[in-house]
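Shown below: model22.cif, with mmCIF, C-alpha atoms and all ligand atoms.
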data_coords
loop_
_atom_site.label_atom_id
_atom_site.label_comp_id
_atom_site.auth_asym_id
_atom_site.auth_seq_id
_atom_site.Cartn_x
_atom_site.Cartn_y
_atom_site.Cartn_z
CA MET A 1 88.77 114.15 117.27
CA LYS A 2 89.29 116.82 119.87
CA HIS A 3 93.00 117.55 119.58
CA LEU A 4 95.94 116.81 117.27
CA LEU A 5 98.54 115.55 119.74
CA LYS A 6 99.89 112.72 117.56
CA LEU A 7 98.61 111.15 114.34
CA SER A 8 98.08 107.70 115.83
CA ASP A 9 95.30 109.25 117.96
CA TRP A 10 93.35 109.82 114.72
CA THR A 11 91.75 107.30 112.39
CA GLY A 12 92.68 106.96 108.72
CA GLU A 13 89.21 108.32 107.86
CA GLU A 14 89.82 111.44 109.99
CA ILE A 15 93.16 112.00 108.27
CA ILE A 16 91.68 111.62 104.78
CA ALA A 17 88.74 113.94 105.63
CA THR A 18 91.25 116.55 106.84
CA LEU A 19 93.28 116.21 103.63
CA ASP A 20 90.08 116.59 101.59
CA LEU A 21 89.29 119.81 103.44
CA ALA A 22 92.90 120.99 103.00
CA ASP A 23 92.57 120.47 99.22
CA LYS A 24 89.30 122.41 99.20
CA LEU A 25 90.73 125.31 101.20
CA LYS A 26 93.80 125.36 98.95
CA ALA A 27 91.67 125.52 95.80
CA GLU A 28 89.52 128.30 97.28
CA GLN A 29 92.55 130.29 98.34
CA LYS A 30 94.10 129.97 94.85
CA GLN A 31 90.83 131.27 93.35
CA GLY A 32 90.63 134.15 95.82
CA ILE A 33 87.47 132.77 97.47
CA PRO A 34 87.47 133.90 101.12
CA HIS A 35 86.71 131.27 103.78
CA PRO A 36 86.51 132.97 107.20
CA ALA A 37 85.40 129.74 108.91
CA LEU A 38 86.90 130.79 112.27
CA LYS A 39 85.69 134.41 112.29
CA GLY A 40 85.78 135.84 115.81
CA LYS A 41 87.96 133.03 117.21
CA SER A 42 91.44 133.28 118.70
CA ILE A 43 94.34 130.84 118.85
CA ALA A 44 97.56 130.93 120.87
CA LEU A 45 100.75 129.90 119.06
CA VAL A 46 103.27 128.81 121.71
CA PHE A 47 106.93 128.20 120.80
CA SER A 48 109.70 126.77 122.98
CA LYS A 49 111.80 125.92 119.90
CA ALA A 50 112.77 127.81 116.75
CA SER A 51 110.47 127.80 113.72
CA THR A 52 110.08 129.42 110.32
CA ARG A 53 107.42 127.35 108.51
CA THR A 54 105.20 126.43 111.46
CA ARG A 55 105.11 129.92 112.85
CA CYS A 56 104.41 131.65 109.53
CA SER A 57 101.98 129.08 108.14
CA PHE A 58 99.89 129.05 111.31
CA ASP A 59 99.83 132.83 111.57
CA VAL A 60 98.86 133.35 107.92
CA GLY A 61 96.38 130.46 108.07
CA VAL A 62 94.66 131.94 111.11
CA TYR A 63 94.38 135.28 109.29
CA GLN A 64 92.90 133.62 106.18
CA LEU A 65 90.31 131.88 108.37
CA GLY A 66 89.24 135.23 109.81
CA ALA A 67 90.62 134.47 113.25
CA HIS A 68 93.22 136.11 115.48
CA SER A 69 96.51 134.66 116.74
CA VAL A 70 98.84 135.56 119.57
CA THR A 71 102.38 134.18 119.34
CA LEU A 72 104.10 133.42 122.64
CA SER A 73 107.70 132.36 122.82
CA SER A 74 108.68 130.59 126.01
CA ALA A 75 111.61 132.98 126.40
CA GLU A 76 109.31 136.01 126.43
CA SER A 77 106.51 134.54 128.53
CA GLN A 78 106.22 133.08 132.03
CA ILE A 79 106.53 129.59 130.50
CA GLY A 80 110.29 130.18 130.18
CA ARG A 81 110.41 131.26 133.83
CA GLY A 82 108.95 127.99 135.02
CA GLU A 83 105.20 128.59 135.34
CA PRO A 84 103.69 125.09 135.43
CA ILE A 85 102.02 123.85 132.22
CA GLU A 86 98.77 123.10 134.02
CA ASP A 87 98.51 126.73 135.15
CA THR A 88 99.45 128.13 131.73
CA ALA A 89 96.90 125.75 130.20
CA ARG A 90 94.07 126.90 132.46
CA VAL A 91 94.87 130.55 131.73
CA LEU A 92 95.18 130.19 127.95
CA GLY A 93 92.01 128.08 127.86
CA ARG A 94 90.07 131.06 129.23
CA TYR A 95 91.27 133.45 126.50
CA PHE A 96 91.63 131.28 123.42
CA ASP A 97 89.52 128.89 121.34
CA GLY A 98 92.56 126.73 120.57
CA ILE A 99 96.27 126.38 121.26
CA MET A 100 99.12 125.33 118.97
CA ILE A 101 102.32 124.42 120.80
CA ARG A 102 105.86 123.55 119.69
CA THR A 103 107.97 122.23 122.54
CA TYR A 104 110.23 119.40 123.72
CA LYS A 105 108.23 116.92 125.78
CA GLN A 106 105.14 115.22 124.36
CA SER A 107 103.85 114.99 127.94
CA ASP A 108 103.71 118.81 128.10
CA VAL A 109 101.43 118.86 125.06
CA GLU A 110 99.24 116.15 126.60
CA GLU A 111 99.07 118.14 129.83
CA LEU A 112 98.12 121.31 127.96
CA ALA A 113 95.27 119.37 126.32
CA LYS A 114 94.18 117.94 129.66
CA TYR A 115 94.02 121.26 131.53
CA SER A 116 93.18 123.91 128.91
CA GLY A 117 89.70 122.69 127.94
CA VAL A 118 90.27 123.81 124.31
CA PRO A 119 91.63 121.98 121.23
CA VAL A 120 95.42 121.61 121.28
CA ILE A 121 97.53 121.15 118.14
CA ASN A 122 101.04 119.70 118.34
CA GLY A 123 103.31 121.91 116.23
CA LEU A 124 106.28 119.57 116.91
CA THR A 125 107.63 117.81 119.96
CA ASP A 126 110.63 115.52 120.37
CA ASP A 127 108.20 112.66 119.66
CA ALA A 128 105.91 113.85 116.89
CA HIS A 129 105.33 116.33 114.06
CA PRO A 130 101.76 115.56 112.95
CA CYS A 131 101.09 118.87 111.14
CA GLN A 132 104.12 118.31 108.92
CA VAL A 133 103.04 114.79 108.04
CA LEU A 134 99.52 115.93 107.09
CA ALA A 135 101.17 118.38 104.67
CA ASP A 136 103.41 115.59 103.36
CA LEU A 137 100.41 113.32 102.75
CA GLN A 138 98.54 116.15 101.03
CA THR A 139 101.53 116.71 98.74
CA ILE A 140 102.01 113.04 97.90
CA ARG A 141 98.32 112.71 97.06
CA GLU A 142 98.52 115.79 94.82
CA TYR A 143 101.41 114.37 92.84
CA LYS A 144 100.44 110.69 92.81
CA GLY A 145 96.64 110.96 92.88
CA LYS A 146 96.38 108.49 95.77
CA LEU A 147 98.03 107.30 98.97
CA ALA A 148 96.85 103.72 99.50
CA GLY A 149 99.17 101.21 97.90
CA LEU A 150 102.16 103.55 97.53
CA LYS A 151 105.48 102.77 99.19
CA MET A 152 107.23 105.43 101.26
CA ALA A 153 110.86 105.00 102.35
CA TYR A 154 112.13 107.08 105.26
CA ILE A 155 115.91 107.25 105.45
CA GLY A 156 117.67 108.62 108.54
CA ASP A 157 116.98 109.36 112.18
CA GLY A 158 114.13 107.61 113.99
CA ASN A 159 112.93 110.99 115.26
CA ASN A 160 109.67 112.96 115.51
CA MET A 161 109.27 112.95 111.71
CA ALA A 162 109.85 109.20 111.46
CA ASN A 163 107.35 108.56 114.26
CA SER A 164 104.63 110.67 112.64
CA LEU A 165 105.31 109.41 109.11
CA ILE A 166 104.94 105.82 110.29
CA ALA A 167 101.49 106.54 111.74
CA GLY A 168 100.37 108.76 108.85
CA ALA A 169 101.50 106.37 106.14
CA LEU A 170 100.09 103.23 107.75
CA LEU A 171 96.74 104.84 108.63
CA THR A 172 96.26 105.94 105.02
CA GLY A 173 97.09 102.55 103.53
CA MET A 174 100.64 103.28 102.42
CA GLN A 175 103.55 100.95 103.00
CA ILE A 176 106.48 102.47 104.84
CA SER A 177 110.04 101.19 105.07
CA VAL A 178 112.24 102.94 107.60
CA ALA A 179 116.04 102.74 107.41
CA CYS A 180 117.87 103.93 110.54
CA PRO A 181 121.28 103.13 111.99
CA VAL A 182 121.13 100.80 115.00
CA GLY A 183 120.71 102.99 118.08
CA TYR A 184 118.71 105.62 116.20
CA GLN A 185 115.50 103.72 115.57
CA PRO A 186 111.99 105.07 116.25
CA ALA A 187 110.68 104.87 119.81
CA PRO A 188 109.67 101.38 121.05
CA ALA A 189 106.03 102.44 121.44
CA VAL A 190 105.97 103.53 117.78
CA LEU A 191 107.52 100.24 116.63
CA GLU A 192 104.96 98.34 118.68
CA TYR A 193 102.17 100.37 117.06
CA ALA A 194 103.63 99.87 113.57
CA ALA A 195 103.96 96.12 114.06
CA LYS A 196 100.15 95.88 113.98
CA PHE A 197 100.18 96.87 110.29
CA SER A 198 101.41 94.63 107.48
CA GLY A 199 102.88 97.57 105.54
CA PHE A 200 105.72 98.39 107.94
CA THR A 201 109.36 97.34 107.70
CA LEU A 202 112.41 98.50 109.66
CA THR A 203 115.97 98.02 108.44
CA ASP A 204 119.43 99.50 108.89
CA ASP A 205 120.03 99.36 105.13
CA PRO A 206 118.89 102.44 103.14
CA LYS A 207 119.05 100.45 99.86
CA THR A 208 116.61 97.83 101.13
CA ALA A 209 114.20 100.56 102.24
CA ALA A 210 114.49 102.56 99.00
CA ALA A 211 113.95 99.60 96.66
CA GLY A 212 110.66 100.08 94.81
CA ALA A 213 109.74 103.24 96.72
CA ASP A 214 107.30 105.83 95.34
CA VAL A 215 108.37 108.47 97.86
CA LEU A 216 111.79 108.93 99.48
CA ILE A 217 111.77 111.11 102.57
CA THR A 218 114.31 112.19 105.13
CA ASP A 219 114.97 114.70 107.89
CA VAL A 220 117.96 116.22 109.66
CA TRP A 221 120.38 113.96 111.52
CA ALA A 222 120.41 116.21 114.61
CA SER A 223 117.07 117.66 115.66
CA MET A 224 116.46 120.76 117.75
CA GLY A 225 117.80 120.06 121.22
CA GLN A 226 120.45 117.61 119.91
CA GLU A 227 122.95 120.22 118.71
CA GLN A 228 125.68 118.89 121.01
CA GLU A 229 125.35 115.44 119.39
CA ALA A 230 125.69 116.78 115.86
CA GLU A 231 129.27 115.62 115.23
CA ALA A 232 128.70 112.11 116.60
CA ARG A 233 125.52 111.87 114.56
CA LYS A 234 127.30 112.86 111.34
CA LYS A 235 129.46 109.75 111.78
CA ALA A 236 126.57 107.47 112.73
CA PHE A 237 124.47 108.58 109.74
CA ALA A 238 127.17 108.45 107.06
CA GLY A 239 125.62 106.44 104.21
CA TYR A 240 122.07 107.46 105.12
CA GLN A 241 121.83 110.17 102.47
CA ILE A 242 119.15 110.53 99.81
CA ASN A 243 121.24 110.87 96.66
CA ASN A 244 120.98 109.78 93.04
CA ASP A 245 122.42 106.32 93.79
CA LEU A 246 119.62 105.67 96.27
CA LEU A 247 116.98 107.20 93.99
CA ALA A 248 118.07 104.82 91.22
CA LEU A 249 116.74 101.94 93.33
CA ALA A 250 113.31 103.53 93.73
CA ASN A 251 110.38 103.36 91.31
CA PRO A 252 110.51 105.60 88.21
CA GLY A 253 108.97 108.99 89.07
CA CYS A 254 109.79 108.58 92.75
CA MET A 255 109.05 111.75 94.72
CA VAL A 256 111.43 113.26 97.28
CA GLN A 257 110.11 114.97 100.39
CA HIS A 258 111.89 116.85 103.17
CA CYS A 259 110.17 118.78 105.97
CA LEU A 260 112.96 121.42 105.92
CA PRO A 261 115.23 122.96 107.04
CA ALA A 262 117.60 120.74 105.01
CA HIS A 263 121.32 120.17 105.38
CA ARG A 264 122.60 119.71 101.83
CA GLY A 265 125.38 117.14 101.66
CA GLU A 266 124.20 115.46 104.87
CA GLU A 267 120.77 113.78 104.82
CA ILE A 268 120.10 114.92 101.24
CA ALA A 269 122.40 115.59 98.28
CA ALA A 270 122.17 119.14 96.95
CA ASP A 271 121.39 118.01 93.37
CA VAL A 272 118.53 115.79 94.56
CA LEU A 273 117.02 118.60 96.60
CA GLU A 274 117.17 120.97 93.64
CA ALA A 275 115.84 118.39 91.16
CA HIS A 276 112.86 117.81 93.49
CA ALA A 277 112.47 121.41 94.67
CA ASN A 278 108.90 121.73 93.33
CA GLU A 279 107.72 118.76 95.40
CA ILE A 280 109.63 119.89 98.48
CA PHE A 281 108.44 123.50 98.41
CA ASP A 282 104.88 122.41 97.60
CA GLU A 283 105.22 120.30 100.76
CA ALA A 284 106.24 123.43 102.68
CA GLU A 285 103.32 125.37 101.16
CA ASN A 286 100.90 122.64 102.13
CA ARG A 287 101.67 123.24 105.80
CA LEU A 288 99.42 126.29 105.37
CA HIS A 289 96.52 124.41 103.80
CA ALA A 290 96.73 121.29 105.96
CA GLN A 291 96.89 123.27 109.20
CA LYS A 292 93.96 125.44 108.17
CA ALA A 293 92.00 122.23 107.72
CA VAL A 294 93.09 121.00 111.15
CA MET A 295 92.03 124.27 112.78
CA VAL A 296 88.63 124.22 111.04
CA LYS A 297 88.08 120.57 112.03
CA LEU A 298 89.04 121.16 115.67
CA MET A 299 87.91 124.74 116.31
CA GLY A 300 85.18 125.32 113.71
N1 LIG B 1 109.25 121.84 108.93
C1 LIG B 1 109.09 122.68 109.97
O1 LIG B 1 108.41 122.39 110.94
O2 LIG B 1 109.75 123.86 109.83
P1 LIG B 1 109.98 124.97 110.94
O3 LIG B 1 110.89 124.37 111.98
O4 LIG B 1 110.62 126.11 110.20
O5 LIG B 1 108.66 125.35 111.55
N1 LIG B 2 113.40 116.64 113.37
C1 LIG B 2 113.51 118.09 113.22
C2 LIG B 2 112.34 118.61 112.46
C3 LIG B 2 112.38 120.09 112.22
C4 LIG B 2 111.17 120.61 111.51
C5 LIG B 2 113.61 118.72 114.58
O1 LIG B 2 112.92 118.29 115.51
O2 LIG B 2 114.42 119.65 114.75
#

As a first step, turn the structure in this file into structure tokens.
Ligand code: CP
Ligand code: NVA
Amino acid sequence: MKHLLKLSDWTGEEIIATLDLADKLKAEQKQGIPHPALKGKSIALVFSKASTRTRCSFDVGVYQLGAHSVTLSSAESQIGRGEPIEDTARVLGRYFDGIMIRTYKQSDVEELAKYSGVPVINGLTDDAHPCQVLADLQTIREYKGKLAGLKMAYIGDGNNMANSLIAGALLTGMQISVACPVGYQPAPAVLEYAAKFSGFTLTDDPKTAAAGADVLITDVWASMGQEQEAEARKKAFAGYQINNDLLALANPGCMVQHCLPAHRGEEIAADVLEAHANEIFDEAENRLHAQKAVMVKLMG
């Protein structure tokens, strides 16, 4: 594994080994044991979209690994003025030992990987959010003690989170049921990939997906870049909320996960978010540990 562009590029074994390292780094950090595995290295953190968790967890993670980060927003760099990705890639590749990028098009991330000559980590595109899903899997394993054999139900938009959860869940032996309104299903290529696994089901009925679930998970109805569709999406997604009625159909002790930021009263009821706040904020914390593991695996 050279890059983390999307989870389906990795094997289940590579994902599990990364989660094992994430657990180890987390335990060391909690005990105050330093682990400067990337001492002397530098990573560029490139953002063309807003971020709180990704930006902070990468920056702090880089520091804890003894490395140095430079954060570039597209608005404040030549990227926002139209410098081609292949040129930016060849420049950054000469300064940095790795690049994390959050942007719109998956093809831009692939191009960065092709031209930079250094490991590239996808910090979210319109198609994928692999770092988030590694943190989700780490959290589920912490709470449930395993991944294989558990059932995850994703309720909502067939977006970047859905795409990455499908790959992450199936590669680690989980079952995943995805409930999306017609017209908002995951990308055809992702459905084609998922169809190769026996553990995948797609429905437009949240209740069918949630039945017998061990983990209920959702994401916003309008992602970054879809702000102008927000009102239409609110109508299309009515009924696709994780609330206590839906949770009642899941297995006892069902976890709730949300990548955040959350819209209470839309994709998740406020009382459900608060009742499951420990799991959800552990999930946010695990971005730090999971991404440190990714950086060590790719840049160490
Ligand atoms: N979940 C997530 O990626 O959060 P940010 O957009 O704040 O980075
Ligand atoms: N699907 C959301 C995830 C945010 C972390 C988005 O792309 O905006």

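When the distance limit is 7 Å and all atoms listed in the file are what count, the residues near Asp127 (chain A), minus those fewer than 2 positions from it on the same chain, are Gln106, Thr125, Asn159, Asn160 and Asn163 of chain A.
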
C-alpha atoms of the current selection, written as a tab-separated table (two decimals), in the frame of the given file:
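Written output follows (again_5.tsv):
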chain	number	residue	atom	x	y	z
A	106	GLN	CA	105.14	115.22	124.36
A	125	THR	CA	107.63	117.81	119.96
A	159	ASN	CA	112.93	110.99	115.26
A	160	ASN	CA	109.67	112.96	115.51
A	163	ASN	CA	107.35	108.56	114.26

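Counting all atoms listed in the file, the residue from A:Thr52, A:Gln29, A:Ser42, A:Gln64 that sits nearest to ligand LIG 1 (chain B) is A:Thr52.
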
Practice item. Residues up to 6 Å from ligand LIG 1 (chain B), counting all atoms listed in the file: could you list those as a ChimeraX atom specification? Key: /A:51-55,259-260

**Study point:** Selected residue of minimal separation from ligand LIG 2 (chain B) among A:Thr18, A:Asn244, A:Gln226, A:Ser57, counting only C-alpha atoms and all ligand atoms
**Key:** A:Gln226

Review point. Which protein, DNA or RNA residues have an atom within 10 Å of ligand LIG 2 (chain B), counting all atoms listed in the file, as a ChimeraX atom specification?
Key: /A:49-54,102-104,123-129,132,157-162,218-227,258-262

**Study point:** Shortest interatomic distance to Asp9 (chain A) - which of A:Gln291, A:Ser74, A:Ser164, A:Asn251, counting only C-alpha atoms
**Key:** A:Ser164

Practice item. Go through A:Leu65, A:Val70, A:Gly156, A:Ile15 one by one, measure the shortest atom-to-atom distance of each to Ala169 (chain A) using only C-alpha atoms, and give the residue with the smallest value. Key: A:Ile15

Exercise for review: Could you jot down the CA of Leu38 (chain A) to CA of Lys2 (chain A) separation for me, Å, one decimal place?
Suggested key: 16.1 Å

Review point. Which value, in Å to one decimal, gives the distance between CA of Gly66 (chain A) and CA of Cys131 (chain A)?
Key: 20.2 Å

Check your understanding: Rounded to one decimal in Å, what is the spacing between CA of Ser73 (chain A) and CA of Val190 (chain A)?
Key -> 29.3 Å

For Leu171 (chain A), list every protein, DNA or RNA residue within 9 Å, evaluated using all atoms listed in the file, and leave out those in the same chain fewer than 4 positions away; present the list as a compact mmCIF listing (two decimals) with C-alpha atoms, keeping the file's coordinate frame.
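out_6.txt, written as the output of this step:
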# COMPACT_ATOMS: atom_id res chain seq x y z
CA LEU A 7 98.61 111.15 114.34
CA SER A 8 98.08 107.70 115.83
CA TRP A 10 93.35 109.82 114.72
CA THR A 11 91.75 107.30 112.39
CA GLY A 12 92.68 106.96 108.72
CA GLU A 13 89.21 108.32 107.86
CA ILE A 15 93.16 112.00 108.27
CA ILE A 166 104.94 105.82 110.29
CA ALA A 167 101.49 106.54 111.74
CA PHE A 197 100.18 96.87 110.29

Revision key, fill the gap. Counting all atoms listed in the file, the residue among A:Gly253, A:Gly82, A:Gly117, A:Gly239 that lies closest to Tyr95 (chain A) is A:Gly117

Check your understanding: Contacts of Val91 (chain A) at 9 Å or less, counting all atoms listed in the file, minus same-chain residues fewer than 5 places along, as a PyMOL selection string?
Key -> chain A and resi 86+96+116

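Of the listed residues (A:Val62, A:Leu247, A:Ile242, A:Val133), A:Val62 comes nearest to Lys292 (chain A); the distances count only C-alpha atoms.
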
Practice item. Might you pull out every residue within 12 Å of His35 (chain A), with only C-alpha atoms counted and same-chain residues fewer than 5 positions away left off, and present them as a VMD selection string? Key: chain A and resid 21 24 to 30 61 to 67 289 292 to 293 296 300

**Study point:** Sel. within 12 Å of pt (101.2, 95.3, 110.4), counting only C-alpha atoms, output as a ChimeraX atom specification
**Key:** /A:166-167,169-171,173-177,191-202

Keeping only C-alpha atoms, write the selected residues as a compact mmCIF listing (two decimals), keeping the file's coordinate frame.
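Dumped to again.txt:
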# COMPACT_ATOMS: atom_id res chain seq x y z
CA ILE A 166 104.94 105.82 110.29
CA ALA A 167 101.49 106.54 111.74
CA ALA A 169 101.50 106.37 106.14
CA LEU A 170 100.09 103.23 107.75
CA LEU A 171 96.74 104.84 108.63
CA GLY A 173 97.09 102.55 103.53
CA MET A 174 100.64 103.28 102.42
CA GLN A 175 103.55 100.95 103.00
CA ILE A 176 106.48 102.47 104.84
CA SER A 177 110.04 101.19 105.07
CA LEU A 191 107.52 100.24 116.63
CA GLU A 192 104.96 98.34 118.68
CA TYR A 193 102.17 100.37 117.06
CA ALA A 194 103.63 99.87 113.57
CA ALA A 195 103.96 96.12 114.06
CA LYS A 196 100.15 95.88 113.98
CA PHE A 197 100.18 96.87 110.29
CA SER A 198 101.41 94.63 107.48
CA GLY A 199 102.88 97.57 105.54
CA PHE A 200 105.72 98.39 107.94
CA THR A 201 109.36 97.34 107.70
CA LEU A 202 112.41 98.50 109.66

Exercise for review: Find the spatial neighbours of Ile121 (chain A), counting all atoms listed in the file, within a cut-off of 6 Å - ignore same-chain residues fewer than 5 positions away - and output them as number ranges by chain.
Suggested key: A: 3-5, 100

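Look at everything within 7 Å of (115.0, 99.0, 92.3) using all atoms listed in the file, and the residues you get are Ala211, Gly212, Ala248, Leu249, Ala250 and Asn251 of chain A.
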